[in-house]
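Undergrad: My structure is in coords.pdb, and what it holds is PDB, C-alpha atoms:
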ATOM      1  CA  MET F1260      81.156  96.201  12.410
ATOM      2  CA  ILE F1261      78.512  98.791  13.148
ATOM      3  CA  SER F1262      77.847  99.174  16.813
ATOM      4  CA  ALA F1263      74.317  99.058  18.177
ATOM      5  CA  ARG F1264      74.645 102.668  19.338
ATOM      6  CA  LYS F1265      75.477 103.944  15.852
ATOM      7  CA  LEU F1266      72.644 101.945  14.426
ATOM      8  CA  ILE F1267      70.178 103.507  16.861
ATOM      9  CA  ILE F1268      71.487 107.015  16.179
ATOM     10  CA  GLY F1269      71.290 106.427  12.439
ATOM     11  CA  GLY F1270      67.750 105.156  12.796
ATOM     12  CA  LEU F1271      66.745 108.185  14.854
ATOM     13  CA  VAL F1272      68.212 110.533  12.238
ATOM     14  CA  VAL F1273      66.182 108.826   9.494
ATOM     15  CA  VAL F1274      62.998 108.953  11.602
ATOM     16  CA  ALA F1275      63.586 112.659  12.471
ATOM     17  CA  ALA F1276      64.249 113.550   8.827
ATOM     18  CA  THR F1277      61.088 111.753   7.726
ATOM     19  CA  ALA F1278      58.983 113.374  10.454
ATOM     20  CA  LEU F1279      60.341 116.865   9.708
ATOM     21  CA  GLY F1280      59.790 116.314   6.011
ATOM     22  CA  GLY F1281      56.041 116.327   6.697
ATOM     23  CA  CYS F1282      56.286 119.850   8.057
ATOM     24  CA  GLY F1283      57.223 121.321   4.687
ATOM     25  CA  GLU F1284      54.783 123.724   3.016
ATOM     26  CA  LYS F1285      54.582 122.156  -0.344
ATOM     27  CA  GLU F1286      51.979 123.306  -2.869
ATOM     28  CA  GLN F1287      49.082 120.895  -2.597
ATOM     29  CA  VAL F1288      46.765 122.525  -5.120
ATOM     30  CA  ILE F1289      46.581 121.015  -8.564
ATOM     31  CA  LYS F1290      47.787 123.341 -11.246
ATOM     32  CA  TYR F1291      45.337 123.222 -14.096
ATOM     33  CA  GLU F1292      46.685 123.950 -17.502
ATOM     34  CA  GLN F1293      44.516 125.881 -19.869
ATOM     35  CA  GLY F1294      43.779 123.761 -22.890
ATOM     36  CA  LYS F1295      44.322 124.950 -26.398
ATOM     37  CA  TYR F1296      41.455 125.091 -28.850
ATOM     38  CA  GLN F1297      41.433 121.911 -30.895
ATOM     39  CA  GLY F1298      38.599 122.682 -33.301
ATOM     40  CA  LYS F1299      38.325 124.210 -36.727
ATOM     41  CA  PRO F1300      39.492 127.788 -37.338
ATOM     42  CA  ASP F1301      36.825 130.450 -37.630
ATOM     43  CA  THR F1302      36.689 133.379 -40.002
ATOM     44  CA  GLN F1303      36.475 137.005 -38.898
ATOM     45  CA  PRO F1304      33.133 138.779 -39.278
ATOM     46  CA  TRP F1305      34.648 141.747 -41.133
ATOM     47  CA  GLU F1306      35.932 139.422 -43.867
ATOM     48  CA  ASN F1307      32.415 139.415 -45.325
ATOM     49  CA  ALA F1308      31.109 142.047 -47.680
ATOM     50  CA  PRO F1309      27.998 143.955 -46.579
ATOM     51  CA  ALA F1310      26.369 143.030 -49.890
ATOM     52  CA  ASP F1311      26.493 139.339 -48.886
ATOM     53  CA  SER F1312      24.147 140.018 -45.994
ATOM     54  CA  LEU F1313      20.403 140.144 -46.133
ATOM     55  CA  TYR F1314      18.528 143.200 -44.938
ATOM     56  CA  THR F1315      21.436 144.996 -43.354
ATOM     57  CA  ASN F1316      21.895 148.734 -43.436
ATOM     58  CA  SER F1317      25.359 148.605 -41.898
ATOM     59  CA  THR F1318      28.141 149.549 -44.265
ATOM     60  CA  TRP F1319      31.785 148.636 -43.934
ATOM     61  CA  THR F1320      34.710 147.817 -46.173
ATOM     62  CA  LYS F1321      35.313 144.116 -46.648
ATOM     63  CA  GLY F1322      38.383 143.073 -44.666
ATOM     64  CA  ASP F1323      38.645 146.355 -42.763
ATOM     65  CA  LYS F1324      38.190 145.653 -39.093
ATOM     66  CA  SER F1325      37.967 149.264 -37.967
ATOM     67  CA  SER F1326      35.215 150.129 -40.446
ATOM     68  CA  TRP F1327      33.233 147.079 -39.319
ATOM     69  CA  GLU F1328      33.651 148.143 -35.695
ATOM     70  CA  SER F1329      32.495 151.647 -36.546
ATOM     71  CA  ALA F1330      29.431 150.223 -38.267
ATOM     72  CA  LEU F1331      28.578 148.154 -35.182
ATOM     73  CA  ARG F1332      29.156 151.088 -32.847
ATOM     74  CA  ALA F1333      26.816 153.219 -34.932
ATOM     75  CA  ARG F1334      24.231 150.457 -34.921
ATOM     76  CA  SER F1335      24.561 150.120 -31.137
ATOM     77  CA  GLN F1336      23.266 153.650 -30.799
ATOM     78  CA  ASN F1337      19.885 152.412 -32.068
ATOM     79  CA  GLN F1338      19.529 151.004 -28.580
ATOM     80  CA  ASN F1339      19.946 154.447 -27.073
ATOM     81  CA  GLU F1340      16.603 156.236 -27.191
ATOM     82  CA  TYR F1341      18.217 159.448 -25.941
ATOM     83  CA  VAL F1342      19.941 159.973 -29.302
ATOM     84  CA  HIS F1343      16.792 159.738 -31.397
ATOM     85  CA  ILE F1344      14.096 161.450 -29.399
ATOM     86  CA  ASP F1345      13.304 165.105 -29.238
ATOM     87  CA  ARG F1346      13.950 166.179 -25.675
TER      88      ARG F1346
ATOM     89  CA  MET W 729      36.776 147.595 -29.725
ATOM     90  CA  ALA W 730      36.349 146.244 -26.245
ATOM     91  CA  ARG W 731      34.512 142.993 -25.701
ATOM     92  CA  MET W 732      31.033 142.116 -26.803
ATOM     93  CA  LYS W 733      28.747 142.090 -23.784
ATOM     94  CA  PHE W 734      25.112 142.036 -22.730
ATOM     95  CA  ILE W 735      23.616 144.276 -20.049
ATOM     96  CA  CYS W 736      20.059 143.818 -18.810
ATOM     97  CA  ASP W 737      18.377 146.740 -17.075
ATOM     98  CA  ALA W 738      16.263 145.178 -14.332
ATOM     99  CA  GLU W 739      14.315 148.449 -13.958
ATOM    100  CA  ARG W 740      13.065 148.171 -17.516
ATOM    101  CA  CYS W 741      12.598 144.467 -18.175
ATOM    102  CA  ILE W 742       8.872 143.709 -18.253
ATOM    103  CA  GLU W 743       9.252 139.948 -18.608
ATOM    104  CA  CYS W 744       7.673 139.942 -22.054
ATOM    105  CA  ASN W 745      10.030 137.174 -23.215
ATOM    106  CA  GLY W 746      10.481 138.992 -26.522
ATOM    107  CA  CYS W 747      14.236 138.323 -26.327
ATOM    108  CA  VAL W 748      13.623 134.597 -25.821
ATOM    109  CA  THR W 749      11.275 134.523 -28.804
ATOM    110  CA  ALA W 750      13.631 136.591 -30.969
ATOM    111  CA  CYS W 751      16.487 134.200 -30.165
ATOM    112  CA  LYS W 752      14.385 131.112 -30.870
ATOM    113  CA  ASN W 753      13.215 132.533 -34.171
ATOM    114  CA  GLU W 754      16.509 133.960 -35.352
ATOM    115  CA  ASN W 755      18.518 130.829 -34.645
ATOM    116  CA  GLU W 756      15.767 128.221 -35.075
ATOM    117  CA  VAL W 757      16.678 126.735 -31.723
ATOM    118  CA  PRO W 758      15.130 123.288 -31.173
ATOM    119  CA  TRP W 759      12.565 122.436 -28.516
ATOM    120  CA  GLY W 760      14.029 121.945 -25.072
ATOM    121  CA  VAL W 761      16.948 124.289 -25.705
ATOM    122  CA  ASN W 762      16.760 127.796 -24.299
ATOM    123  CA  ARG W 763      19.737 129.887 -25.196
ATOM    124  CA  ARG W 764      18.135 132.814 -23.417
ATOM    125  CA  ARG W 765      15.522 133.015 -20.692
ATOM    126  CA  VAL W 766      13.965 135.603 -18.426
ATOM    127  CA  VAL W 767      14.400 135.133 -14.689
ATOM    128  CA  THR W 768      12.018 136.939 -12.319
ATOM    129  CA  LEU W 769      12.604 137.500  -8.633
ATOM    130  CA  ASN W 770       9.586 137.825  -6.341
ATOM    131  CA  ASP W 771       7.265 136.969  -9.199
ATOM    132  CA  GLY W 772       3.777 138.343  -8.612
ATOM    133  CA  VAL W 773       4.822 140.512  -5.704
ATOM    134  CA  PRO W 774       4.766 144.298  -6.222
ATOM    135  CA  GLY W 775       8.282 145.396  -7.057
ATOM    136  CA  GLU W 776       9.216 142.177  -8.816
ATOM    137  CA  LYS W 777      12.366 142.343 -10.887
ATOM    138  CA  SER W 778      13.131 140.496 -14.091
ATOM    139  CA  ILE W 779      16.363 139.993 -15.934
ATOM    140  CA  SER W 780      17.157 138.310 -19.216
ATOM    141  CA  VAL W 781      19.967 135.772 -18.941
ATOM    142  CA  ALA W 782      22.047 133.956 -21.539
ATOM    143  CA  CYS W 783      25.719 133.172 -21.996
ATOM    144  CA  MET W 784      27.650 136.091 -20.525
ATOM    145  CA  HIS W 785      30.664 135.447 -22.766
ATOM    146  CA  CYS W 786      32.942 135.504 -19.738
ATOM    147  CA  SER W 787      36.428 136.912 -20.070
ATOM    148  CA  ASP W 788      37.708 133.924 -18.072
ATOM    149  CA  ALA W 789      35.108 131.364 -19.048
ATOM    150  CA  PRO W 790      34.760 128.340 -16.732
ATOM    151  CA  CYS W 791      33.219 126.267 -19.545
ATOM    152  CA  MET W 792      36.389 126.775 -21.514
ATOM    153  CA  ALA W 793      38.528 125.702 -18.579
ATOM    154  CA  VAL W 794      36.726 122.435 -17.879
ATOM    155  CA  CYS W 795      36.111 121.224 -21.433
ATOM    156  CA  PRO W 796      37.945 117.894 -21.779
ATOM    157  CA  VAL W 797      38.165 118.131 -25.563
ATOM    158  CA  ASP W 798      39.006 121.875 -25.729
ATOM    159  CA  CYS W 799      36.249 122.704 -28.151
ATOM    160  CA  PHE W 800      35.802 126.296 -26.896
ATOM    161  CA  TYR W 801      37.466 129.363 -28.304
ATOM    162  CA  ARG W 802      37.159 133.107 -27.828
ATOM    163  CA  THR W 803      36.935 135.381 -30.829
ATOM    164  CA  SER W 804      38.824 138.640 -31.075
ATOM    165  CA  GLU W 805      35.592 140.419 -30.092
ATOM    166  CA  GLY W 806      35.426 138.429 -26.842
ATOM    167  CA  VAL W 807      32.620 136.098 -27.886
ATOM    168  CA  VAL W 808      32.908 132.574 -26.451
ATOM    169  CA  LEU W 809      32.063 129.989 -29.116
ATOM    170  CA  HIS W 810      32.548 126.264 -29.522
ATOM    171  CA  ASP W 811      33.033 123.671 -32.221
ATOM    172  CA  LYS W 812      30.104 121.253 -32.280
ATOM    173  CA  ASP W 813      32.051 118.783 -34.387
ATOM    174  CA  LEU W 814      34.398 118.342 -31.456
ATOM    175  CA  CYS W 815      31.905 118.509 -28.562
ATOM    176  CA  ILE W 816      31.189 115.121 -26.988
ATOM    177  CA  GLY W 817      28.191 116.309 -24.959
ATOM    178  CA  CYS W 818      29.774 115.388 -21.616
ATOM    179  CA  GLY W 819      28.013 118.206 -19.756
ATOM    180  CA  TYR W 820      31.042 119.438 -17.790
ATOM    181  CA  CYS W 821      30.469 122.948 -19.098
ATOM    182  CA  PHE W 822      26.891 122.851 -17.825
ATOM    183  CA  TYR W 823      28.115 122.180 -14.294
ATOM    184  CA  ALA W 824      30.880 124.770 -14.550
ATOM    185  CA  CYS W 825      28.721 127.609 -15.886
ATOM    186  CA  PRO W 826      27.240 129.833 -13.133
ATOM    187  CA  PHE W 827      24.533 131.097 -15.523
ATOM    188  CA  GLY W 828      23.182 127.780 -16.830
ATOM    189  CA  ALA W 829      24.038 128.839 -20.363
ATOM    190  CA  PRO W 830      25.072 125.504 -21.914
ATOM    191  CA  GLN W 831      22.030 123.591 -23.113
ATOM    192  CA  PHE W 832      21.740 120.013 -24.303
ATOM    193  CA  PRO W 833      19.095 118.746 -26.688
ATOM    194  CA  GLN W 834      17.490 115.525 -25.578
ATOM    195  CA  ALA W 835      18.584 113.370 -28.465
ATOM    196  CA  GLY W 836      17.048 110.053 -27.443
ATOM    197  CA  ALA W 837      14.324 108.307 -25.489
ATOM    198  CA  PHE W 838      16.574 107.762 -22.472
ATOM    199  CA  GLY W 839      17.608 111.347 -21.895
ATOM    200  CA  MET W 840      20.770 110.934 -23.906
ATOM    201  CA  ARG W 841      22.491 114.274 -24.319
ATOM    202  CA  GLY W 842      23.253 115.744 -27.687
ATOM    203  CA  LYS W 843      25.972 118.229 -28.410
ATOM    204  CA  MET W 844      26.038 121.367 -26.336
ATOM    205  CA  ASP W 845      24.212 124.426 -27.621
ATOM    206  CA  LYS W 846      24.424 127.939 -26.238
ATOM    207  CA  CYS W 847      24.097 131.608 -27.054
ATOM    208  CA  THR W 848      26.630 132.572 -29.727
ATOM    209  CA  PHE W 849      26.059 136.334 -29.431
ATOM    210  CA  CYS W 850      24.594 135.770 -32.906
ATOM    211  CA  ALA W 851      28.142 135.171 -34.132
ATOM    212  CA  GLY W 852      27.697 131.679 -35.614
ATOM    213  CA  GLY W 853      30.567 129.250 -35.201
ATOM    214  CA  PRO W 854      33.569 127.724 -36.912
ATOM    215  CA  GLU W 855      31.980 127.220 -40.326
ATOM    216  CA  LYS W 856      31.876 129.407 -43.418
ATOM    217  CA  ASP W 857      30.094 132.628 -42.447
ATOM    218  CA  ASN W 858      26.391 132.731 -43.281
ATOM    219  CA  SER W 859      26.522 129.235 -44.795
ATOM    220  CA  LYS W 860      23.799 126.604 -44.417
ATOM    221  CA  GLU W 861      26.158 124.470 -42.333
ATOM    222  CA  GLU W 862      26.805 127.312 -39.936
ATOM    223  CA  PHE W 863      23.135 128.097 -39.584
ATOM    224  CA  ALA W 864      22.210 124.447 -38.999
ATOM    225  CA  LYS W 865      24.777 124.000 -36.238
ATOM    226  CA  TYR W 866      25.028 127.391 -34.606
ATOM    227  CA  GLY W 867      22.253 129.588 -35.923
ATOM    228  CA  SER W 868      22.449 133.017 -37.436
ATOM    229  CA  ASN W 869      25.717 134.944 -37.794
ATOM    230  CA  ARG W 870      24.460 138.485 -37.409
ATOM    231  CA  LEU W 871      27.842 139.947 -36.495
ATOM    232  CA  ALA W 872      29.119 138.935 -39.928
ATOM    233  CA  GLN W 873      26.139 140.848 -41.345
ATOM    234  CA  GLY W 874      27.019 143.996 -39.426
ATOM    235  CA  LYS W 875      24.156 143.474 -36.991
ATOM    236  CA  LEU W 876      23.891 142.978 -33.258
ATOM    237  CA  PRO W 877      22.238 140.047 -31.437
ATOM    238  CA  ALA W 878      18.553 139.700 -32.288
ATOM    239  CA  CYS W 879      17.476 139.558 -28.637
ATOM    240  CA  ALA W 880      18.959 142.970 -27.823
ATOM    241  CA  GLU W 881      17.842 144.618 -31.050
ATOM    242  CA  MET W 882      14.306 143.288 -30.617
ATOM    243  CA  CYS W 883      13.909 144.281 -26.955
ATOM    244  CA  SER W 884      10.827 146.476 -26.843
ATOM    245  CA  THR W 885      11.788 148.440 -23.734
ATOM    246  CA  LYS W 886      15.500 148.386 -24.557
ATOM    247  CA  ALA W 887      16.115 146.724 -21.218
ATOM    248  CA  LEU W 888      18.517 144.306 -22.860
ATOM    249  CA  LEU W 889      21.508 146.008 -24.418
ATOM    250  CA  GLY W 890      24.043 144.100 -26.485
ATOM    251  CA  GLY W 891      27.189 145.153 -28.272
ATOM    252  CA  ASP W 892      30.618 146.572 -27.588
ATOM    253  CA  GLY W 893      30.978 146.708 -23.806
ATOM    254  CA  ASN W 894      32.167 150.312 -23.739
ATOM    255  CA  VAL W 895      29.346 151.563 -25.965
ATOM    256  CA  ILE W 896      26.502 149.842 -24.143
ATOM    257  CA  ALA W 897      27.969 150.803 -20.768
ATOM    258  CA  ASP W 898      27.839 154.450 -21.911
ATOM    259  CA  ILE W 899      24.223 154.039 -23.054
ATOM    260  CA  PHE W 900      23.283 152.496 -19.719
ATOM    261  CA  ARG W 901      25.136 155.169 -17.757
ATOM    262  CA  GLU W 902      23.438 157.988 -19.658
ATOM    263  CA  ARG W 903      20.076 156.365 -19.055
ATOM    264  CA  ALA W 904      20.657 155.836 -15.348
ATOM    265  CA  LEU W 905      21.744 159.458 -14.949
ATOM    266  CA  LYS W 906      18.850 160.952 -16.902
ATOM    267  CA  ARG W 907      15.895 158.882 -15.893
ATOM    268  CA  GLY W 908      15.771 160.139 -12.344
ATOM    269  CA  LYS W 909      13.648 158.263  -9.863
ATOM    270  CA  GLY W 910      10.049 157.367  -9.136
ATOM    271  CA  ALA W 911       7.885 157.156 -12.243
ATOM    272  CA  GLU W 912      10.793 158.481 -14.296
ATOM    273  CA  VAL W 913      12.613 155.201 -13.850
ATOM    274  CA  TRP W 914      10.206 153.740 -16.392
ATOM    275  CA  GLY W 915      10.708 156.666 -18.734
ATOM    276  CA  TRP W 916       7.236 158.124 -18.314
ATOM    277  CA  SER W 917       8.057 161.582 -19.609
ATOM    278  CA  THR W 918      10.434 160.124 -22.166
ATOM    279  CA  ALA W 919       7.502 158.255 -23.642
ATOM    280  CA  TYR W 920       4.750 160.857 -23.166
ATOM    281  CA  GLY W 921       6.678 164.092 -22.927
ATOM    282  CA  LYS W 922       7.127 166.422 -19.978
ATOM    283  CA  PRO W 923       4.139 168.566 -18.926
ATOM    284  CA  ASP W 924       4.392 172.147 -20.213
ATOM    285  CA  ASN W 925       3.430 173.586 -16.849
ATOM    286  CA  PRO W 926       3.557 171.060 -14.060
ATOM    287  CA  GLN W 927       2.093 173.561 -11.555
ATOM    288  CA  GLN W 928      -0.991 174.266 -13.655
ATOM    289  CA  GLN W 929      -4.268 173.444 -11.928
ATOM    290  CA  ALA W 930      -7.189 171.805 -13.646
ATOM    291  CA  PRO W 931      -9.823 174.377 -14.690
ATOM    292  CA  LYS W 932     -12.722 174.729 -12.269
ATOM    293  CA  GLY W 933     -15.820 172.838 -13.121
ATOM    294  CA  ALA W 934     -13.984 170.567 -15.483
ATOM    295  CA  LYS W 935     -14.850 166.940 -15.380
ATOM    296  CA  SER W 936     -12.063 164.479 -15.060
TER     297      SER W 936
END
Before we go any further, please render this structure as structure tokens.
TA:
Amino acid sequence: MISARKLIIGGLVVVAATALGGCGEKEQVIKYEQGKYQGKPDTQPWENAPADSLYTNSTWTKGDKSSWESALRARSQNQNEYVHIDR
Amino acid sequence: MARMKFICDAERCIECNGCVTACKNENEVPWGVNRRRVVTLNDGVPGEKSISVACMHCSDAPCMAVCPVDCFYRTSEGVVLHDKDLCIGCGYCFYACPFGAPQFPQAGAFGMRGKMDKCTFCAGGPEKDNSKEEFAKYGSNRLAQGKLPACAEMCSTKALLGGDGNVIADIFRERALKRGKGAEVWGWSTAYGKPDNPQQQAPKGAKS
């Protein structure tokens, strides 16, 4: 039979373990998981031929990403007045 | 290519709202939806500053993070777009966005929200490029036409720059270095030319 003393000691151990358990530094911030796009796939802009576009003077090769990027970079310079004014 | 970005030069923006008009016209944006708008600080006070604001196409977009149906995606050029067929118009993205970019058309008499609409960097959306469906849902796809956003290309003072981040950053840097200070900030001599002899005095007896 379990003596009263052992019972008290056992109870104290349980209480101490529970109380000390609250001192732990557990992560309390929710970890959000980045969702994955669930919609329809999109096409790439360079997959279009320049001839399909209205009123564009950009030229690139259909399907060639680097030529499309070069065309956009060249067009971007239209926003730079320092390249087309006489200084 | 880096990422597609906008830069607005607050020293040059004259609050003409040309960018807002260009965007409205190019994309046929409905009433009540403003994909782009001009914000002015100290309006009416000498030294007021204006800046044109739209979706900033964030690298770590909060709208993307909070969307409960995951309808956002980022293109390889860094443009943040969304699928309107999937959007439920919950408005979470509106609360998450620090720039107020997501817009909702008022679809009913009781303020019912429609599907979210925002600046697409003139890159359309997940439909066939330059198709009627794409234009109806997302507006013009100028990137697929080898063009840049209409707002930036239409800006009369070239305050708003749009395009590859590295390229427009170089344009802005060159401008900031060359324009000097004082009246030169507004490009006075760029527009009217530098005086041949700045020290020259006006002839005597001449009337001003």
Undergrad: Please, which residues of chain F lie no more than 8 Å from chain W when the count uses all atoms listed in the file, and can they be set out as a VMD selection string?
TA: chain F and resid 1293 to 1307 1309 1311 to 1313 1315 1317 to 1318 1327 to 1328 1330 to 1332 1334 to 1336 1338 to 1339 1341 1346
Undergrad: Name the residues in contact with Ala750 of chain W at a cut-off of 10 Å, using only C-alpha atoms, excluding same-chain residues fewer than 3 positions from it; report them as a PDB file with C-alpha atoms, keeping the file's coordinate frame.
TA:
ATOM      1  CA  ASN W 745      10.030 137.174 -23.215  1.00  0.00           C
ATOM      2  CA  GLY W 746      10.481 138.992 -26.522  1.00  0.00           C
ATOM      3  CA  CYS W 747      14.236 138.323 -26.327  1.00  0.00           C
ATOM      4  CA  ASN W 753      13.215 132.533 -34.171  1.00  0.00           C
ATOM      5  CA  GLU W 754      16.509 133.960 -35.352  1.00  0.00           C
ATOM      6  CA  ASN W 755      18.518 130.829 -34.645  1.00  0.00           C
ATOM      7  CA  GLU W 756      15.767 128.221 -35.075  1.00  0.00           C
ATOM      8  CA  ARG W 764      18.135 132.814 -23.417  1.00  0.00           C
ATOM      9  CA  PRO W 877      22.238 140.047 -31.437  1.00  0.00           C
ATOM     10  CA  ALA W 878      18.553 139.700 -32.288  1.00  0.00           C
ATOM     11  CA  CYS W 879      17.476 139.558 -28.637  1.00  0.00           C
ATOM     12  CA  ALA W 880      18.959 142.970 -27.823  1.00  0.00           C
ATOM     13  CA  GLU W 881      17.842 144.618 -31.050  1.00  0.00           C
ATOM     14  CA  MET W 882      14.306 143.288 -30.617  1.00  0.00           C
ATOM     15  CA  CYS W 883      13.909 144.281 -26.955  1.00  0.00           C
TER      16      CYS W 883
END
Undergrad: For atom CA of Lys865 of chain W and atom CA of Trp1319 of chain F, quote the distance in Å rounded to one decimal.
TA: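 Separating atom CA of Lys865 of chain W from atom CA of Trp1319 of chain F is a distance of 26.7 Å.
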Undergrad: What gap, in Å, lies between atom CA of Ala824 of chain W and atom CA of Cys791 of chain W?
TA: 5.7 Å
Undergrad: How far is it from atom CA of Cys1282 of chain F to atom CA of Ala1263 of chain F, in Å with one decimal?
TA: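 Pair atom CA of Cys1282 of chain F / atom CA of Ala1263 of chain F returns 29.3 Å.
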Undergrad: Do you know which residues are at most 12 Å from Arg763 of chain W counting all atoms listed in the file, after dropping those on the same chain fewer than 4 positions away, and could you put them as a count of residues only?
TA: 35
